[in-house]
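Structure below is target-v6.cif: mmCIF, C-alpha atoms.
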data_start
#
loop_
_atom_site.label_atom_id
_atom_site.label_comp_id
_atom_site.auth_asym_id
_atom_site.auth_seq_id
_atom_site.Cartn_x
_atom_site.Cartn_y
_atom_site.Cartn_z
CA MET A 1 -10.07 -19.07 -8.67
CA LYS A 2 -8.76 -20.36 -5.33
CA TRP A 3 -7.51 -17.60 -3.04
CA TYR A 4 -4.68 -19.72 -1.61
CA GLN A 5 -3.00 -22.25 -3.82
CA VAL A 6 0.25 -24.20 -4.07
CA ASN A 7 0.84 -26.26 -7.20
CA GLU A 8 3.09 -26.76 -10.22
CA HIS A 9 1.18 -24.60 -12.69
CA PRO A 10 2.51 -21.32 -14.04
CA LEU A 11 1.16 -18.40 -12.04
CA GLU A 12 -1.35 -15.88 -13.36
CA PRO A 13 -0.84 -12.53 -11.64
CA MET A 14 -3.87 -10.92 -13.29
CA ALA A 15 -6.18 -13.68 -12.10
CA LEU A 16 -5.14 -12.93 -8.51
CA TYR A 17 -5.58 -9.24 -9.18
CA GLU A 18 -9.15 -9.86 -10.29
CA THR A 19 -9.76 -12.00 -7.20
CA VAL A 20 -9.10 -9.16 -4.73
CA ARG A 21 -10.84 -6.37 -6.68
CA HIS A 22 -14.26 -5.00 -5.90
CA ARG A 23 -16.13 -1.69 -6.09
CA ASN A 24 -14.73 -0.26 -2.86
CA VAL A 25 -11.12 -1.13 -3.53
CA GLY A 26 -8.96 1.89 -4.30
CA ALA A 27 -5.55 0.22 -4.21
CA VAL A 28 -4.24 -3.18 -5.25
CA VAL A 29 -0.64 -4.21 -4.65
CA LEU A 30 0.79 -7.23 -6.43
CA PHE A 31 4.06 -8.80 -5.44
CA ILE A 32 5.60 -11.16 -7.95
CA GLY A 33 8.65 -13.12 -6.91
CA THR A 34 10.68 -14.28 -9.90
CA VAL A 35 13.70 -16.55 -10.27
CA ARG A 36 16.78 -14.39 -10.82
CA GLU A 37 20.04 -15.53 -12.30
CA MET A 38 22.75 -13.82 -10.25
CA THR A 39 23.06 -13.55 -6.46
CA GLY A 40 26.33 -11.76 -5.92
CA SER A 41 28.78 -13.85 -7.91
CA LYS A 42 26.71 -17.05 -7.71
CA GLN A 43 24.84 -18.05 -10.85
CA THR A 44 21.52 -19.87 -10.48
CA GLU A 45 20.63 -22.39 -13.18
CA LEU A 46 17.23 -23.34 -11.82
CA LEU A 47 15.27 -23.60 -8.61
CA GLU A 48 13.38 -26.54 -7.26
CA TYR A 49 10.49 -25.91 -4.85
CA GLU A 50 8.98 -28.62 -2.71
CA SER A 51 6.00 -28.25 -0.39
CA TYR A 52 3.79 -30.01 2.10
CA VAL A 53 0.91 -28.80 -0.01
CA PRO A 54 -2.23 -29.20 2.15
CA MET A 55 -0.55 -27.59 5.14
CA ALA A 56 1.03 -24.88 2.98
CA GLU A 57 -2.37 -23.87 1.62
CA LYS A 58 -3.77 -23.76 5.16
CA MET A 59 -0.90 -21.54 6.27
CA LEU A 60 -1.46 -19.20 3.31
CA GLU A 61 -5.08 -18.95 4.35
CA GLN A 62 -3.99 -18.21 7.91
CA ILE A 63 -1.83 -15.37 6.57
CA GLY A 64 -4.92 -14.02 4.82
CA HIS A 65 -6.78 -14.07 8.15
CA GLU A 66 -3.89 -12.36 9.93
CA VAL A 67 -3.91 -9.64 7.27
CA SER A 68 -7.63 -8.98 7.61
CA GLU A 69 -7.28 -8.76 11.40
CA ARG A 70 -4.42 -6.27 11.16
CA TRP A 71 -5.81 -4.24 8.26
CA PRO A 72 -9.60 -4.50 8.44
CA GLY A 73 -11.19 -4.75 5.02
CA ALA A 74 -7.94 -5.72 3.30
CA LEU A 75 -8.13 -8.82 1.08
CA THR A 76 -5.26 -11.17 0.26
CA ALA A 77 -4.84 -13.90 -2.34
CA ILE A 78 -1.64 -15.90 -2.65
CA HIS A 79 -0.48 -18.51 -5.15
CA HIS A 80 2.89 -20.22 -4.85
CA ARG A 81 4.34 -22.36 -7.59
CA ILE A 82 6.40 -25.45 -6.83
CA GLY A 83 8.47 -27.87 -8.89
CA ARG A 84 11.29 -26.95 -11.20
CA LEU A 85 11.52 -23.25 -12.07
CA ASP A 86 13.79 -21.58 -14.59
CA ILE A 87 15.26 -18.09 -14.57
CA LEU A 88 12.46 -15.50 -15.04
CA ASP A 89 9.74 -17.91 -13.91
CA GLU A 90 7.32 -16.66 -11.26
CA ALA A 91 7.50 -18.45 -7.91
CA VAL A 92 4.93 -16.51 -5.91
CA VAL A 93 2.23 -13.93 -6.49
CA ILE A 94 0.62 -12.04 -3.61
CA ALA A 95 -2.33 -9.74 -4.31
CA THR A 96 -3.61 -7.42 -1.60
CA SER A 97 -6.37 -4.86 -1.89
CA SER A 98 -7.77 -2.16 0.33
CA SER A 99 -9.71 1.06 0.11
CA HIS A 100 -6.47 2.98 0.69
CA ARG A 101 -2.96 2.37 -0.53
CA ALA A 102 -1.02 2.31 2.76
CA ASP A 103 -2.87 -0.79 3.92
CA ALA A 104 -2.48 -2.58 0.59
CA TYR A 105 1.30 -2.04 0.63
CA GLU A 106 1.75 -3.00 4.27
CA ALA A 107 -0.50 -6.05 4.03
CA ASN A 108 1.39 -7.28 1.00
CA ARG A 109 4.78 -6.95 2.61
CA TYR A 110 3.52 -8.60 5.75
CA ALA A 111 2.28 -11.55 3.69
CA ILE A 112 5.62 -12.24 2.00
CA GLU A 113 7.48 -12.05 5.32
CA ARG A 114 5.02 -14.51 6.89
CA ILE A 115 5.37 -16.89 3.94
CA LYS A 116 9.07 -17.05 4.73
CA GLU A 117 8.31 -17.87 8.37
CA ILE A 118 5.43 -20.33 8.49
CA VAL A 119 4.54 -21.83 5.10
CA PRO A 120 6.05 -25.29 4.51
CA ILE A 121 7.69 -24.65 1.16
CA TRP A 122 11.36 -25.31 0.55
CA LYS A 123 13.64 -24.04 -2.15
CA ARG A 124 16.65 -25.85 -3.52
CA GLU A 125 19.11 -23.71 -5.40
CA HIS A 126 20.84 -25.26 -8.36
CA TRP A 127 23.91 -23.14 -8.91
CA THR A 128 26.51 -23.64 -11.60
CA ASP A 129 28.74 -25.01 -8.81
CA GLY A 130 26.37 -27.20 -6.81
CA THR A 131 22.97 -27.48 -5.15
CA LYS A 132 21.65 -26.65 -1.71
CA TRP A 133 18.36 -26.68 0.17
CA ILE A 134 18.01 -23.11 1.41
CA GLY A 135 17.34 -22.54 5.09
CA ASP A 136 18.26 -26.06 6.14
CA GLN A 137 20.86 -25.48 8.81
CA LYS A 138 20.62 -22.33 10.88
CA GLU A 139 18.35 -19.85 12.57
CA GLN A 140 15.33 -22.07 13.05
CA LEU A 141 14.29 -22.83 16.60
CA PRO A 142 12.29 -25.93 17.44
CA GLY A 143 8.61 -25.46 18.28
CA ARG A 144 6.00 -23.37 16.54
CA PRO A 145 7.17 -20.58 14.32
CA GLU A 146 6.58 -17.18 15.91
CA GLY A 147 3.03 -15.92 15.88
CA VAL A 148 1.37 -19.24 15.07
CA THR A 149 -1.46 -19.75 17.52
CA TYR A 150 -4.59 -21.81 17.36
CA SER A 151 -8.05 -20.84 18.44
CA MET B 152 5.90 0.01 -24.55
CA LYS B 153 6.65 3.49 -23.21
CA TRP B 154 7.95 3.47 -19.64
CA TYR B 155 6.15 6.68 -18.69
CA GLN B 156 2.82 7.45 -20.25
CA VAL B 157 -0.27 9.57 -19.64
CA ASN B 158 -3.24 9.10 -21.96
CA GLU B 159 -6.88 8.09 -22.17
CA HIS B 160 -6.41 4.41 -22.95
CA PRO B 161 -7.26 1.63 -20.51
CA LEU B 162 -4.19 0.56 -18.58
CA GLU B 163 -2.44 -2.79 -19.02
CA PRO B 164 -0.78 -3.82 -15.76
CA MET B 165 0.89 -6.91 -17.25
CA ALA B 166 2.51 -4.87 -20.00
CA LEU B 167 4.19 -2.70 -17.37
CA TYR B 168 5.17 -5.82 -15.47
CA GLU B 169 6.90 -7.18 -18.57
CA THR B 170 8.64 -3.83 -19.07
CA VAL B 171 10.51 -3.95 -15.74
CA ARG B 172 11.38 -7.68 -15.77
CA HIS B 173 14.77 -9.10 -16.65
CA ARG B 174 16.98 -12.04 -15.70
CA ASN B 175 18.34 -10.47 -12.54
CA VAL B 176 15.05 -9.28 -11.14
CA GLY B 177 13.87 -11.25 -8.13
CA ALA B 178 10.94 -9.05 -7.09
CA VAL B 179 8.37 -7.02 -8.97
CA VAL B 180 5.82 -4.86 -7.17
CA LEU B 181 2.81 -3.54 -9.05
CA PHE B 182 0.57 -0.84 -7.64
CA ILE B 183 -2.79 -0.44 -9.30
CA GLY B 184 -4.94 2.48 -8.28
CA THR B 185 -8.61 1.89 -9.05
CA VAL B 186 -11.70 4.06 -8.82
CA ARG B 187 -13.65 3.12 -5.71
CA GLU B 188 -17.26 3.87 -5.05
CA MET B 189 -17.47 4.85 -1.39
CA THR B 190 -15.27 7.26 0.57
CA GLY B 191 -16.82 7.34 4.02
CA SER B 192 -20.44 8.15 3.31
CA LYS B 193 -19.72 9.89 0.00
CA GLN B 194 -20.59 7.96 -3.14
CA THR B 195 -18.48 8.50 -6.25
CA GLU B 196 -20.24 8.18 -9.61
CA LEU B 197 -17.19 8.76 -11.79
CA LEU B 198 -13.83 10.51 -11.82
CA GLU B 199 -12.47 12.88 -14.39
CA TYR B 200 -8.72 13.20 -14.74
CA GLU B 201 -7.06 16.05 -16.58
CA SER B 202 -3.36 16.47 -17.22
CA TYR B 203 -0.70 18.70 -18.70
CA VAL B 204 0.44 15.63 -20.57
CA PRO B 205 3.93 16.44 -21.89
CA MET B 206 5.04 17.80 -18.52
CA ALA B 207 3.34 14.95 -16.64
CA GLU B 208 5.26 12.36 -18.68
CA LYS B 209 8.51 14.24 -17.99
CA MET B 210 7.75 14.26 -14.26
CA LEU B 211 7.00 10.52 -14.30
CA GLU B 212 10.36 9.99 -15.95
CA GLN B 213 11.99 12.15 -13.29
CA ILE B 214 10.41 9.94 -10.62
CA GLY B 215 11.97 6.94 -12.38
CA HIS B 216 15.38 8.65 -12.18
CA GLU B 217 14.88 9.48 -8.52
CA VAL B 218 14.04 5.83 -7.82
CA SER B 219 17.15 4.52 -9.55
CA GLU B 220 19.30 6.99 -7.62
CA ARG B 221 17.80 5.95 -4.30
CA TRP B 222 17.58 2.22 -5.01
CA PRO B 223 20.38 1.42 -7.46
CA GLY B 224 19.35 -1.15 -10.03
CA ALA B 225 15.63 -0.66 -9.38
CA LEU B 226 13.49 -0.05 -12.47
CA THR B 227 10.22 1.86 -12.61
CA ALA B 228 7.51 2.14 -15.25
CA ILE B 229 4.39 4.25 -14.71
CA HIS B 230 1.25 4.72 -16.77
CA HIS B 231 -1.52 7.08 -15.70
CA ARG B 232 -4.88 7.16 -17.36
CA ILE B 233 -6.82 10.40 -17.82
CA GLY B 234 -10.31 11.30 -18.99
CA ARG B 235 -13.53 9.95 -17.60
CA LEU B 236 -13.16 6.88 -15.38
CA ASP B 237 -15.90 4.73 -13.91
CA ILE B 238 -15.93 2.75 -10.66
CA LEU B 239 -13.44 -0.16 -10.89
CA ASP B 240 -11.45 1.47 -13.72
CA GLU B 241 -7.70 1.65 -13.26
CA ALA B 242 -6.28 5.16 -12.93
CA VAL B 243 -2.60 4.41 -12.42
CA VAL B 244 -0.23 1.46 -12.63
CA ILE B 245 3.27 1.59 -11.16
CA ALA B 246 5.66 -1.31 -11.76
CA THR B 247 8.95 -1.48 -9.87
CA SER B 248 11.53 -4.24 -10.00
CA SER B 249 14.70 -5.03 -8.14
CA SER B 250 16.91 -7.97 -7.31
CA HIS B 251 15.46 -7.97 -3.77
CA ARG B 252 11.98 -7.32 -2.50
CA ALA B 253 12.58 -4.55 0.03
CA ASP B 254 13.78 -2.19 -2.71
CA ALA B 255 10.90 -3.05 -5.04
CA TYR B 256 8.32 -2.29 -2.32
CA GLU B 257 9.96 0.92 -1.15
CA ALA B 258 10.58 2.21 -4.67
CA ASN B 259 6.95 1.59 -5.59
CA ARG B 260 5.57 3.42 -2.61
CA TYR B 261 7.98 6.29 -3.16
CA ALA B 262 6.74 6.59 -6.75
CA ILE B 263 3.06 6.91 -5.84
CA GLU B 264 3.83 9.51 -3.17
CA ARG B 265 5.86 11.53 -5.66
CA ILE B 266 3.11 11.33 -8.27
CA LYS B 267 0.85 13.04 -5.75
CA GLU B 268 3.42 15.79 -5.23
CA ILE B 269 4.88 16.73 -8.60
CA VAL B 270 2.99 15.26 -11.56
CA PRO B 271 0.52 17.70 -13.16
CA ILE B 272 -2.57 15.51 -13.13
CA TRP B 273 -5.82 16.64 -11.54
CA LYS B 274 -8.77 14.62 -10.40
CA ARG B 275 -12.34 15.83 -10.34
CA GLU B 276 -14.68 13.82 -8.16
CA HIS B 277 -18.23 13.44 -9.37
CA TRP B 278 -20.20 12.49 -6.29
CA THR B 279 -23.89 11.79 -6.13
CA ASP B 280 -24.21 15.23 -4.48
CA GLY B 281 -21.86 17.39 -6.58
CA THR B 282 -18.43 17.70 -8.18
CA LYS B 283 -15.10 19.04 -6.99
CA TRP B 284 -11.54 19.34 -8.26
CA ILE B 285 -9.47 17.61 -5.60
CA GLY B 286 -6.52 19.45 -4.09
CA ASP B 287 -7.57 22.85 -5.36
CA GLN B 288 -7.61 24.95 -2.23
CA LYS B 289 -5.23 24.09 0.54
CA GLU B 290 -1.80 22.84 1.46
CA GLN B 291 0.03 23.81 -1.69
CA LEU B 292 2.78 26.40 -1.35
CA PRO B 293 3.83 28.51 -4.30
CA GLY B 294 7.17 27.71 -5.93
CA ARG B 295 8.60 24.35 -6.90
CA PRO B 296 7.18 21.28 -5.25
CA GLU B 297 9.57 19.82 -2.72
CA GLY B 298 12.51 17.91 -4.10
CA VAL B 299 12.25 19.17 -7.65
CA THR B 300 15.68 20.33 -8.71
CA TYR B 301 17.25 20.76 -12.10
CA SER B 302 20.74 19.83 -13.14
CA MET C 303 4.01 36.56 -26.86
CA ILE C 304 3.76 34.16 -23.99
CA GLU C 305 1.14 31.45 -23.94
CA VAL C 306 -0.33 30.62 -20.53
CA LEU C 307 -2.03 27.21 -20.17
CA CYS C 308 -4.78 26.65 -17.60
CA PHE C 309 -6.01 23.42 -16.02
CA ALA C 310 -8.56 22.04 -13.59
CA HIS C 311 -10.26 24.62 -11.37
CA VAL C 312 -8.21 27.49 -12.85
CA ALA C 313 -9.44 26.73 -16.37
CA GLU C 314 -12.93 26.38 -15.02
CA GLU C 315 -12.96 29.62 -13.05
CA LEU C 316 -11.44 31.59 -15.93
CA ALA C 317 -13.57 29.77 -18.50
CA MET C 318 -10.38 29.58 -20.61
CA ARG C 319 -7.93 26.80 -21.47
CA SER C 320 -5.19 29.31 -22.31
CA TYR C 321 -4.48 33.00 -22.76
CA THR C 322 -1.55 35.09 -23.97
CA VAL C 323 0.40 37.89 -22.34
CA SER C 324 3.18 40.16 -23.62
CA ALA C 325 6.82 39.33 -23.00
CA PRO C 326 8.79 39.78 -20.85
CA THR C 327 7.04 39.19 -17.57
CA THR C 328 7.50 37.26 -14.33
CA ILE C 329 5.62 34.48 -12.62
CA ALA C 330 4.84 36.93 -9.81
CA SER C 331 3.14 39.19 -12.32
CA LEU C 332 1.08 36.32 -13.78
CA ARG C 333 0.07 35.35 -10.25
CA GLU C 334 -1.11 38.91 -9.58
CA GLY C 335 -3.18 38.83 -12.75
CA LEU C 336 -4.86 35.61 -11.62
CA MET C 337 -5.57 37.10 -8.18
CA GLU C 338 -7.17 40.12 -9.84
CA ARG C 339 -9.38 37.83 -11.88
CA GLY C 340 -10.47 36.19 -8.66
CA VAL C 341 -8.96 32.71 -9.20
CA SER C 342 -9.32 30.88 -5.91
CA GLY C 343 -6.10 30.01 -4.11
CA ALA C 344 -4.08 32.09 -6.61
CA GLU C 345 -1.50 32.90 -3.91
CA ARG C 346 -0.67 29.18 -3.72
CA LEU C 347 -0.65 28.23 -7.39
CA MET C 348 2.52 26.79 -8.88
CA PHE C 349 3.82 27.61 -12.35
CA ALA C 350 5.85 25.77 -14.95
CA VAL C 351 7.79 27.41 -17.75
CA ASN C 352 8.51 25.15 -20.70
CA GLU C 353 7.44 22.17 -18.57
CA ARG C 354 9.71 22.93 -15.60
CA TYR C 355 8.54 24.24 -12.25
CA GLU C 356 9.85 27.77 -11.67
CA THR C 357 9.53 30.26 -8.81
CA ASP C 358 7.96 33.72 -8.60
CA ASP C 359 11.01 35.72 -9.63
CA TYR C 360 11.49 33.75 -12.86
CA MET C 361 11.66 35.99 -15.94
CA ILE C 362 9.51 34.68 -18.77
CA GLU C 363 10.65 35.44 -22.30
CA ASP C 364 9.01 35.67 -25.68
CA GLY C 365 8.02 32.23 -26.96
CA ASP C 366 7.98 30.55 -23.54
CA THR C 367 5.03 28.35 -22.65
CA VAL C 368 3.76 28.83 -19.13
CA ALA C 369 1.41 26.50 -17.29
CA VAL C 370 -0.55 27.41 -14.19
CA ILE C 371 -0.38 24.38 -11.91
CA PRO C 372 -3.00 24.01 -9.18
CA MET C 373 -2.24 21.46 -6.50
CA VAL C 374 -1.93 18.12 -8.24
CA SER C 375 -4.13 15.15 -7.34
CA GLY C 376 -3.15 12.24 -9.55
CA GLY C 377 -2.84 8.63 -8.51
CA MET D 378 0.45 -46.38 13.43
CA ILE D 379 1.73 -42.86 12.90
CA GLU D 380 2.89 -41.71 9.48
CA VAL D 381 5.83 -39.32 9.45
CA LEU D 382 6.31 -37.23 6.28
CA CYS D 383 9.74 -35.94 5.29
CA PHE D 384 10.67 -33.03 3.05
CA ALA D 385 13.65 -31.21 1.57
CA HIS D 386 17.01 -32.01 3.14
CA VAL D 387 15.43 -34.37 5.69
CA ALA D 388 13.92 -36.55 2.96
CA GLU D 389 17.21 -36.42 1.12
CA GLU D 390 19.39 -37.38 4.07
CA LEU D 391 17.05 -40.19 5.11
CA ALA D 392 16.48 -41.25 1.50
CA MET D 393 12.80 -41.59 2.48
CA ARG D 394 9.68 -39.53 1.80
CA SER D 395 7.90 -41.02 4.82
CA TYR D 396 8.16 -43.65 7.52
CA THR D 397 5.89 -45.04 10.22
CA VAL D 398 6.28 -45.36 13.98
CA SER D 399 4.14 -46.94 16.67
CA ALA D 400 1.63 -44.89 18.65
CA PRO D 401 1.63 -43.23 21.06
CA THR D 402 4.79 -41.16 20.96
CA THR D 403 5.92 -37.55 21.31
CA ILE D 404 7.54 -35.05 19.01
CA ALA D 405 10.56 -35.11 21.34
CA SER D 406 10.88 -38.80 20.73
CA LEU D 407 10.64 -38.40 16.94
CA ARG D 408 13.31 -35.70 17.13
CA GLU D 409 15.60 -38.04 19.04
CA GLY D 410 15.10 -40.68 16.37
CA LEU D 411 16.12 -38.21 13.68
CA MET D 412 19.21 -37.17 15.65
CA GLU D 413 20.21 -40.81 15.97
CA ARG D 414 19.87 -41.25 12.24
CA GLY D 415 22.21 -38.27 11.81
CA VAL D 416 19.76 -35.80 10.23
CA SER D 417 21.54 -32.46 10.15
CA GLY D 418 20.07 -29.73 12.31
CA ALA D 419 17.64 -32.23 13.92
CA GLU D 420 17.69 -30.25 17.19
CA ARG D 421 16.13 -27.31 15.33
CA LEU D 422 13.54 -29.09 13.17
CA MET D 423 9.88 -28.15 13.57
CA PHE D 424 7.01 -30.64 13.47
CA ALA D 425 3.41 -30.49 12.41
CA VAL D 426 0.71 -32.92 13.53
CA ASN D 427 -2.29 -33.10 11.24
CA GLU D 428 -1.05 -29.94 9.50
CA ARG D 429 -0.63 -27.83 12.65
CA TYR D 430 2.68 -26.87 14.21
CA GLU D 431 3.13 -28.53 17.59
CA THR D 432 5.85 -28.46 20.24
CA ASP D 433 8.13 -31.17 21.66
CA ASP D 434 5.83 -32.37 24.45
CA TYR D 435 2.91 -32.99 22.08
CA MET D 436 1.52 -36.51 22.38
CA ILE D 437 0.95 -38.12 18.99
CA GLU D 438 -1.85 -40.65 18.73
CA ASP D 439 -2.68 -43.52 16.44
CA GLY D 440 -3.76 -42.27 13.00
CA ASP D 441 -2.10 -38.87 13.30
CA THR D 442 -0.04 -37.62 10.40
CA VAL D 443 3.21 -35.98 11.40
CA ALA D 444 5.39 -33.84 9.15
CA VAL D 445 9.00 -32.99 9.83
CA ILE D 446 9.42 -29.34 8.90
CA PRO D 447 12.91 -28.03 8.17
CA MET D 448 13.29 -24.28 8.09
CA VAL D 449 11.01 -23.01 5.31
CA SER D 450 12.32 -21.01 2.37
CA GLY D 451 9.39 -20.18 0.11
CA GLY D 452 8.76 -16.90 -1.63
#

Whole structure given in C-alpha cells:
Amino acid sequence: MKWYQVNEHPLEPMALYETVRHRNVGAVVLFIGTVREMTGSKQTELLEYESYVPMAEKMLEQIGHEVSERWPGALTAIHHRIGRLDILDEAVVIATSSSHRADAYEANRYAIERIKEIVPIWKREHWTDGTKWIGDQKEQLPGRPEGVTYS
Amino acid sequence: MKWYQVNEHPLEPMALYETVRHRNVGAVVLFIGTVREMTGSKQTELLEYESYVPMAEKMLEQIGHEVSERWPGALTAIHHRIGRLDILDEAVVIATSSSHRADAYEANRYAIERIKEIVPIWKREHWTDGTKWIGDQKEQLPGRPEGVTYS
Amino acid sequence: MIEVLCFAHVAEELAMRSYTVSAPTTIASLREGLMERGVSGAERLMFAVNERYETDDYMIEDGDTVAVIPMVSGG
Amino acid sequence: MIEVLCFAHVAEELAMRSYTVSAPTTIASLREGLMERGVSGAERLMFAVNERYETDDYMIEDGDTVAVIPMVSGG
C-alpha cells in the first residue's frame, strides 16, 4: 500500500487505516471527503477531479513530513481519487495516527488544509445549471504557496 | 446497525462509517481508539473494560443528541468494545458526518471528550508490573458529571 | 427493596457485584455506607438511579435500581 | 526545448494540454505569454519547474518540465 497516492481507483479507507497502525498507536483519525449533492441551493450532479499526478503525490508526501515534524511520532497516509466522481463517492481519505488522540486529530486537520493549499489537484463542479473549475479566479497569489520551502 | 452500542464484539469501523453517510454529507471523521503497548516506560499487556451497559448506551445516545444540537445536521454513531482487549485491538470507534469538514472534526473530538466524562465504562490496565482501574481515585466530584441535565 | 450495582474498583473492594438495601433511602446514605465499608474515594463516587445521574439528596424508592459510578475511563 | 503542462481552466481556455517554448526563459516570461493569450487570472497563476513550485524570476533551462498551476481545489 502506497502512503501517498493519486489515481482514479475507488478509495479504501480501511487500507489506509491499516497503513498507519502499529503497536504504539493509541489513536487513529480518518477523514473521508465525499461528494455531496446539495451546497446551499445548488445541486451537484458529479465532480471531475484532475491532477498533475507526480507532483501531487510529492506534495502529499511533503505534507506527511510536515506532520511528523509538527507532531513527532505521528504518521500520515493520504489517497486522493481523481476522474469523474458521483454523489457519495469518496474523493480523499486521510489517515493519521499517534500515541495520543490530540495529535491524531490535529495532524489530520492540518493535512486536509494543506491539501487545499499546495497539492495540484483541481475540482470541476458539474451542477444542474452549469460547470465550473473551482478556485480558478480569486485568492491565489503568484509564487510559491505559503509554507512551501525546499531544503 | 445500532448507532450507539457497548458490547464485547470486535468493532467494525466501516460499518459505523456507512451508518453516518448520506447524499448531503461532504465529510466523515472516524476516530478509532486502539490499545497501545507503551505509555512512557510502562508496558501494557492487555486492557480490561467493564461497563454498566444499558446506561452507557443511553449516555452515548445523549452525546449524539448533544452533537446534533451543537452542530446542526451532524450525525454521530459510537460503538465501544468491552471485555479483555489485547494490544492493537480497537476499543472505541466514533463516526461523525456533516456537510462540511470543520463540524465533522469538532463533533468527533467533542464526542470522545464526553465519553471520558459521562459514559459508565471503566478501564483496567494490566501492566507488566501490576494492574489498576484507571480513574478510580482522583479528580471526580460527587454529583452529576458536568453538563448532564435532564429535560 | 433497592438494588445497588457495583463496578470496577468498587465491586472489587466490596467483593460484590450488587447488594440490596431497604427503601426509602438517599444517595447520601448509600455513600455513607460505602465509606463505612472502606471503599476508596467513596466521598467522590457518583450515583445513577434508574440509569440517570442523581445527586446526594435524591430520594430512592422501592424498586429503583441504583448504580455506584466510580470515575469513568472509557475511550 | 521546455515543455509546459496545462491543467484545469488553463488547459480548457488554451484548448491545449501542453506546449513547448525555447530555452532559456523565465516564469515571468511564460506568465506574460499566458496573459497575451487571454488566460483568465494569469497574473495569479503559480508555476512548478520539475515538480517544485518556483517564483517569477526562476530561470528555466533546456529539458525542464514546467507546469502552470491554477489555484488548487482538491479535498

Considering only C-alpha atoms, give me a table of residues in chain B that are at most 9 Å from chain A, with the closest atom pair and distance in Å for each, as a tab-separated table.
residue	atom	partner	partner_atom	distance
B:Pro164	CA	A:Met14	CA	8.1
B:Met165	CA	A:Met14	CA	7.4
B:Arg172	CA	A:Leu88	CA	7.9
B:His173	CA	A:Leu88	CA	7.0
B:Arg174	CA	A:Arg36	CA	5.4
B:Asn175	CA	A:Arg36	CA	4.6
B:Val176	CA	A:Arg36	CA	5.4
B:Gly177	CA	A:Thr34	CA	4.7
B:Ala178	CA	A:Gly33	CA	4.7
B:Val179	CA	A:Ile32	CA	5.1
B:Val180	CA	A:Phe31	CA	4.6
B:Leu181	CA	A:Leu30	CA	5.0
B:Phe182	CA	A:Val29	CA	4.7
B:Ile183	CA	A:Val28	CA	5.1
B:Gly184	CA	A:Ala27	CA	4.7
B:Thr185	CA	A:Gly26	CA	4.8
B:Val186	CA	A:Gly26	CA	5.7
B:Arg187	CA	A:Asn24	CA	4.6
B:Glu188	CA	A:Asn24	CA	5.3
B:Met189	CA	A:Asn24	CA	6.0
B:Thr190	CA	A:Asn24	CA	8.3
B:Ile238	CA	A:Arg23	CA	6.4
B:Leu239	CA	A:Arg23	CA	5.7
B:Ser250	CA	A:Arg36	CA	7.3
B:Arg252	CA	A:Gly33	CA	8.0
B:Ala253	CA	A:Arg109	CA	8.6
B:Ala255	CA	A:Phe31	CA	8.9
B:Tyr256	CA	A:Tyr105	CA	7.6
B:Arg260	CA	A:Tyr105	CA	7.7

- Please, which residues of chain B lie no more than 7 Å from chain C when the count uses all atoms listed in the file, and can they be set out as a PyMOL selection string? chain B and resi 184+201+206+242-243+263+266-274+284-288+291-295

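The gap separating CA of Tyr200 in chain B from CA of Gly73 in chain A is 26.8 Å, in Å to one decimal.
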
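If you count all atoms listed in the file and draw a sphere of 10 Å around (2.1, -39.6, 11.6), the protein and nucleic acid residues inside it come out as D:Met378, D:Ile379, D:Glu380, D:Val381, D:Leu382, D:Ser395, D:Tyr396, D:Thr397, D:Val398, D:Ser399, D:Ala400, D:Thr402, D:Ala425, D:Val426, D:Asn427, D:Ile437, D:Glu438, D:Asp439, D:Gly440, D:Asp441, D:Thr442, D:Val443, D:Ala444, D:Val445.
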
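One distance worth recording is that between CA of Glu169 in chain B and CA of Trp3 in chain A, which is 23.6 Å.
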
Would you mind putting N, CA, C and O atoms back on range 245-252 of chain B and writing the result as a CSV table (one decimal), in the coordinates of the input?
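Okay, selection_5.csv is ready:
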chain,number,residue,atom,x,y,z
B,245,ILE,N,1.8,1.4,-11.4
B,245,ILE,CA,3.3,1.6,-11.2
B,245,ILE,C,3.9,0.2,-11.0
B,245,ILE,O,3.5,-0.6,-10.2
B,246,ALA,N,4.9,-0.1,-11.9
B,246,ALA,CA,5.7,-1.3,-11.8
B,246,ALA,C,7.1,-1.0,-11.3
B,246,ALA,O,7.7,-0.2,-12.0
B,247,THR,N,7.6,-1.6,-10.3
B,247,THR,CA,9.0,-1.5,-9.9
B,247,THR,C,9.6,-2.9,-9.8
B,247,THR,O,8.9,-3.8,-9.4
B,248,SER,N,10.8,-2.9,-10.1
B,248,SER,CA,11.5,-4.2,-10.0
B,248,SER,C,12.9,-4.0,-9.4
B,248,SER,O,13.5,-3.0,-9.5
B,249,SER,N,13.4,-5.1,-8.7
B,249,SER,CA,14.7,-5.0,-8.1
B,249,SER,C,15.2,-6.5,-7.9
B,249,SER,O,14.4,-7.4,-8.1
B,250,SER,N,16.4,-6.6,-7.6
B,250,SER,CA,16.9,-8.0,-7.3
B,250,SER,C,16.3,-8.5,-6.0
B,250,SER,O,16.1,-9.7,-5.8
B,251,HIS,N,16.0,-7.6,-5.1
B,251,HIS,CA,15.5,-8.0,-3.8
B,251,HIS,C,14.2,-7.2,-3.5
B,251,HIS,O,14.0,-6.1,-3.9
B,252,ARG,N,13.3,-7.8,-2.6
B,252,ARG,CA,12.0,-7.3,-2.5
B,252,ARG,C,11.9,-6.0,-1.8
B,252,ARG,O,11.0,-5.2,-2.1
